[in-house]
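Q: What follows is the file upload_23.cif, containing mmCIF, C-alpha atoms and all ligand atoms:
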data_run
loop_
_atom_site.label_atom_id
_atom_site.label_comp_id
_atom_site.auth_asym_id
_atom_site.auth_seq_id
_atom_site.Cartn_x
_atom_site.Cartn_y
_atom_site.Cartn_z
CA MET A 13 31.77 -44.16 60.40
CA ASP A 14 29.96 -46.08 63.10
CA ASN A 15 26.70 -47.90 62.57
CA THR A 16 24.55 -44.93 63.48
CA GLU A 17 26.25 -42.73 60.92
CA ILE A 18 25.85 -45.39 58.26
CA MET A 19 22.18 -45.77 59.07
CA VAL A 20 21.62 -42.01 58.93
CA THR A 21 23.46 -41.82 55.61
CA VAL A 22 21.47 -44.69 54.14
CA ALA A 23 18.22 -43.16 55.37
CA GLY A 24 19.23 -39.80 53.91
CA LEU A 25 20.08 -41.33 50.55
CA GLY A 26 16.80 -43.20 50.62
CA LEU A 27 14.94 -39.98 51.25
CA ILE A 28 16.75 -38.21 48.41
CA GLY A 29 15.95 -41.14 46.15
CA PHE A 30 12.32 -40.95 47.16
CA VAL A 31 12.14 -37.21 46.48
CA LEU A 32 13.76 -37.67 43.05
CA TRP A 33 11.47 -40.58 42.28
CA TYR A 34 8.46 -38.53 43.39
CA PHE A 35 9.33 -35.56 41.19
CA PHE A 36 10.29 -37.75 38.28
CA PHE A 37 7.02 -39.62 38.38
CA SER A 38 4.90 -36.56 39.10
CA ALA A 39 6.44 -35.04 36.01
CA ARG A 40 5.30 -38.10 34.10
CA VAL A 41 1.74 -37.52 35.22
CA VAL A 42 1.76 -34.67 32.73
CA ALA A 43 -0.51 -35.75 29.94
CA SER A 44 0.10 -34.60 26.46
CA ALA A 45 -2.88 -34.13 24.26
CA VAL A 46 -3.70 -36.61 21.55
CA VAL A 47 -3.91 -34.78 18.27
CA ALA A 48 -7.04 -35.95 16.50
CA ALA A 49 -8.20 -35.34 12.95
CA GLY A 50 -8.43 -31.64 12.21
CA GLY A 51 -5.53 -30.88 14.54
CA VAL A 52 -7.69 -30.78 17.66
CA GLN A 53 -5.70 -31.61 20.78
CA GLN A 54 -7.87 -33.92 22.83
CA VAL A 55 -7.36 -34.79 26.47
CA ASP A 56 -9.50 -37.09 28.59
CA ILE A 57 -9.67 -36.06 32.23
CA THR A 58 -11.31 -38.02 35.01
CA VAL A 59 -12.84 -35.97 37.80
CA ARG A 60 -12.98 -37.80 41.11
CA GLY A 61 -11.75 -35.99 44.19
CA GLY A 62 -9.37 -34.20 41.83
CA TYR A 63 -8.44 -34.07 38.18
CA SER A 64 -6.58 -36.94 36.62
CA PRO A 65 -4.35 -36.01 34.91
CA ALA A 66 -4.01 -32.69 36.69
CA LEU A 67 -1.23 -31.38 34.46
CA ILE A 68 -1.97 -31.19 30.79
CA GLU A 69 0.45 -30.12 28.14
CA VAL A 70 -0.79 -28.68 24.86
CA GLU A 71 0.56 -26.56 22.05
CA ALA A 72 -0.38 -22.94 21.59
CA GLY A 73 -2.33 -21.88 18.54
CA ARG A 74 -4.22 -25.13 18.08
CA PRO A 75 -7.71 -25.94 19.29
CA VAL A 76 -7.91 -27.93 22.52
CA GLN A 77 -10.72 -30.20 23.56
CA LEU A 78 -10.79 -31.13 27.23
CA ARG A 79 -13.12 -34.05 27.87
CA PHE A 80 -14.03 -34.12 31.56
CA TYR A 81 -15.61 -37.32 32.78
CA ARG A 82 -17.01 -36.70 36.26
CA ASP A 83 -16.83 -40.04 38.00
CA GLU A 84 -18.56 -39.00 41.23
CA GLU A 85 -21.51 -37.15 42.66
CA ALA A 86 -19.58 -35.25 45.34
CA SER A 87 -20.77 -31.68 44.95
CA CYS A 88 -17.26 -30.26 45.16
CA SER A 89 -16.52 -31.07 41.55
CA GLU A 90 -19.86 -30.14 40.01
CA GLU A 91 -18.55 -26.91 38.58
CA LEU A 92 -15.45 -26.34 36.51
CA LEU A 93 -13.70 -22.99 36.18
CA LEU A 94 -11.04 -22.01 33.70
CA PRO A 95 -10.77 -18.33 34.59
CA ASP A 96 -8.11 -17.45 32.02
CA PHE A 97 -10.46 -18.59 29.27
CA ASN A 98 -13.63 -17.24 30.88
CA ILE A 99 -15.01 -20.75 31.12
CA ARG A 100 -17.46 -21.86 33.77
CA ARG A 101 -19.11 -25.19 33.17
CA GLU A 102 -21.38 -27.60 35.00
CA LEU A 103 -20.04 -31.13 35.03
CA PRO A 104 -22.98 -33.53 35.34
CA ALA A 105 -22.11 -36.70 37.29
CA PHE A 106 -21.13 -39.78 35.28
CA GLN A 107 -21.07 -37.90 32.03
CA THR A 108 -18.41 -36.50 29.78
CA THR A 109 -18.47 -32.73 29.39
CA VAL A 110 -16.49 -31.39 26.48
CA VAL A 111 -14.77 -28.03 26.91
CA ASP A 112 -13.33 -26.46 23.77
CA LEU A 113 -10.81 -23.67 23.87
CA LEU A 114 -8.05 -22.15 21.80
CA PRO A 115 -4.90 -21.24 23.72
CA GLN A 116 -3.27 -18.40 21.82
CA GLN A 117 -0.32 -17.79 24.13
CA PRO A 118 2.09 -20.11 25.88
CA GLY A 119 1.65 -20.11 29.62
CA SER A 120 0.35 -21.97 32.61
CA PHE A 121 -3.37 -21.76 33.19
CA GLU A 122 -5.17 -23.14 36.19
CA PHE A 123 -8.51 -24.87 36.21
CA THR A 124 -10.39 -25.49 39.43
CA CYS A 125 -13.70 -26.58 40.85
CA GLY A 126 -16.22 -23.90 41.76
CA MET A 127 -14.68 -23.48 45.21
CA GLY A 128 -11.06 -23.55 44.07
CA MET A 129 -10.39 -26.76 45.99
CA LEU A 130 -9.65 -29.15 43.17
CA ARG A 131 -6.89 -27.87 40.95
CA GLY A 132 -5.41 -28.71 37.62
CA ARG A 133 -3.16 -26.92 35.21
CA LEU A 134 -3.01 -26.48 31.49
CA LEU A 135 0.55 -25.96 30.28
CA VAL A 136 0.56 -24.29 26.90
CA LYS A 137 3.87 -24.58 25.07
CU CU B 1 -14.81 -27.94 45.14
#
Here is the file; what I need is its structure written in the form of structure tokens.
Ligand SMILES: [Cu+2]

A:
Amino acid sequence: MDNTEIMVTVAGLGLIGFVLWYFFFSARVVASAVVAAGGVQQVDITVRGGYSPALIEVEAGRPVQLRFYRDEEASCSEELLLPDFNIRRELPAFQTTVVDLLPQQPGSFEFTCGMGMLRGRLLVK
């Protein structure tokens, strides 16, 4: 191998490493619910230009309480939709809005802002 080949190989390995790192760490952004008294699965979500965390893992058959704190006034995030649960909710700025639901079935359920621009996902196991 000459120097160019070595450089290309190193760059390629670096890129692969980066992709693996990215997926590994994105996977870790999945938040599992904290099970509070009464078996309610609570998750705190910050809303600011997106949902953080955007991937939330919960267990089926147990009540879920999503606590959205909207940390901005940007109008994009003022409405929250969880179509699979028929939920449409206003999120007042700088307040926590509690959304209760009971996922009966395992699955992957999207939640979005009113325009479908901000996206998050509830993974029910
Ligand atoms: Cu929006």

Q: So how many Å separate CA of Ile57 (chain A) and CA of Phe80 (chain A), to one decimal?

A: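 These two atoms are separated by 4.8 Å.
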
Q: Write as a PyMOL selection string the residues around ligand CU 1 (chain B), taking 10 Å as the cut-off and counting all atoms listed in the file.

A: chain A and resi 61-62+86-92+124-131

Q: If you count all atoms listed in the file, which residues fall within 8 Å of region 95-103 of chain A, apart from same-chain ones fewer than 5 positions away, as a ChimeraX atom specification?

A: /A:80-82,89-90,108-109,113,121-123

Q: Provide the CA of Gly51 (chain A) to CA of Pro104 (chain A) distance in Å, to one decimal place.

A: 27.3 Å

Q: Just to confirm, what's the straight-line distance from CA of Gln117 (chain A) to CA of Asp56 (chain A) in Å (one decimal)?

A: 21.8 Å

Q: Please determine, counting only C-alpha atoms, which residue among A:Thr58, A:Ala49, A:Asp14, A:Glu71 has the shortest atom-to-atom distance to Phe106 (chain A).

A: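 Distance minimum relative to Phe106 (chain A) lands on A:Thr58.
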
Q: Quick one: residues within 10 Å of Ile68 (chain A), only C-alpha atoms counted, chain neighbours fewer than 6 positions away excluded, as number ranges by chain?

A: A: 41-45, 55-57, 78, 120-121, 132-136

Q: Using all atoms listed in the file, can you tell me which of A:Val52, A:Glu84, A:Pro65, A:Lys137 comes closest to Asp112 (chain A)?

A: A:Val52

Q: May I ask which of the residues A:Arg79, A:Leu27, A:Val46, A:Leu114 is the closest one to Tyr63 (chain A), counting all atoms listed in the file?

A: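 Under the stated criterion, the closest residue is A:Arg79.
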
Q: Tell me which of A:Ile18, A:Val110, A:Ala23, A:Val76 sits closest to Gly50 (chain A), counting only C-alpha atoms.

A: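 So, comparing all the options, the nearest one is A:Val76.
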
Q: Kindly complete region 90-104 of chain A to N, CA, C and O atoms; the output should be written as a JSON list (two decimals), in the coordinates of the input.

A:
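Wrote rebuild-v3.json, looks like this:
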[["chain", "number", "residue", "atom", "x", "y", "z"],
["A", 90, "GLU", "N", -18.77, -30.31, 40.98],
["A", 90, "GLU", "CA", -19.86, -30.14, 40.01],
["A", 90, "GLU", "C", -19.66, -28.96, 39.07],
["A", 90, "GLU", "O", -20.29, -28.89, 38.02],
["A", 91, "GLU", "N", -18.78, -28.06, 39.44],
["A", 91, "GLU", "CA", -18.55, -26.91, 38.58],
["A", 91, "GLU", "C", -17.07, -26.86, 38.21],
["A", 91, "GLU", "O", -16.21, -27.18, 39.01],
["A", 92, "LEU", "N", -16.82, -26.45, 36.99],
["A", 92, "LEU", "CA", -15.45, -26.34, 36.51],
["A", 92, "LEU", "C", -15.18, -24.91, 36.09],
["A", 92, "LEU", "O", -15.98, -24.30, 35.36],
["A", 93, "LEU", "N", -14.07, -24.35, 36.55],
["A", 93, "LEU", "CA", -13.70, -22.99, 36.18],
["A", 93, "LEU", "C", -12.34, -23.00, 35.49],
["A", 93, "LEU", "O", -11.40, -23.64, 35.94],
["A", 94, "LEU", "N", -12.30, -22.26, 34.40],
["A", 94, "LEU", "CA", -11.04, -22.01, 33.70],
["A", 94, "LEU", "C", -10.98, -20.50, 33.52],
["A", 94, "LEU", "O", -11.29, -19.98, 32.44],
["A", 95, "PRO", "N", -10.61, -19.79, 34.58],
["A", 95, "PRO", "CA", -10.77, -18.33, 34.59],
["A", 95, "PRO", "C", -10.05, -17.63, 33.44],
["A", 95, "PRO", "O", -10.57, -16.65, 32.90],
["A", 96, "ASP", "N", -8.87, -18.13, 33.08],
["A", 96, "ASP", "CA", -8.11, -17.45, 32.02],
["A", 96, "ASP", "C", -8.80, -17.53, 30.67],
["A", 96, "ASP", "O", -8.48, -16.77, 29.77],
["A", 97, "PHE", "N", -9.74, -18.45, 30.54],
["A", 97, "PHE", "CA", -10.46, -18.59, 29.27],
["A", 97, "PHE", "C", -11.94, -18.23, 29.44],
["A", 97, "PHE", "O", -12.75, -18.51, 28.56],
["A", 98, "ASN", "N", -12.25, -17.62, 30.58],
["A", 98, "ASN", "CA", -13.63, -17.24, 30.88],
["A", 98, "ASN", "C", -14.59, -18.41, 30.75],
["A", 98, "ASN", "O", -15.69, -18.27, 30.21],
["A", 99, "ILE", "N", -14.16, -19.56, 31.23],
["A", 99, "ILE", "CA", -15.01, -20.75, 31.12],
["A", 99, "ILE", "C", -15.50, -21.15, 32.50],
["A", 99, "ILE", "O", -14.73, -21.21, 33.46],
["A", 100, "ARG", "N", -16.81, -21.34, 32.57],
["A", 100, "ARG", "CA", -17.46, -21.86, 33.77],
["A", 100, "ARG", "C", -18.46, -22.90, 33.27],
["A", 100, "ARG", "O", -19.32, -22.60, 32.46],
["A", 101, "ARG", "N", -18.32, -24.11, 33.75],
["A", 101, "ARG", "CA", -19.11, -25.19, 33.17],
["A", 101, "ARG", "C", -19.61, -26.12, 34.27],
["A", 101, "ARG", "O", -18.88, -26.41, 35.22],
["A", 102, "GLU", "N", -20.86, -26.56, 34.12],
["A", 102, "GLU", "CA", -21.38, -27.60, 35.00],
["A", 102, "GLU", "C", -20.87, -28.95, 34.50],
["A", 102, "GLU", "O", -20.87, -29.18, 33.29],
["A", 103, "LEU", "N", -20.45, -29.78, 35.41],
["A", 103, "LEU", "CA", -20.04, -31.13, 35.03],
["A", 103, "LEU", "C", -21.07, -32.11, 35.61],
["A", 103, "LEU", "O", -20.98, -32.46, 36.79],
["A", 104, "PRO", "N", -22.02, -32.56, 34.80],
["A", 104, "PRO", "CA", -22.98, -33.53, 35.34],
["A", 104, "PRO", "C", -22.27, -34.83, 35.72],
["A", 104, "PRO", "O", -21.31, -35.23, 35.05]]
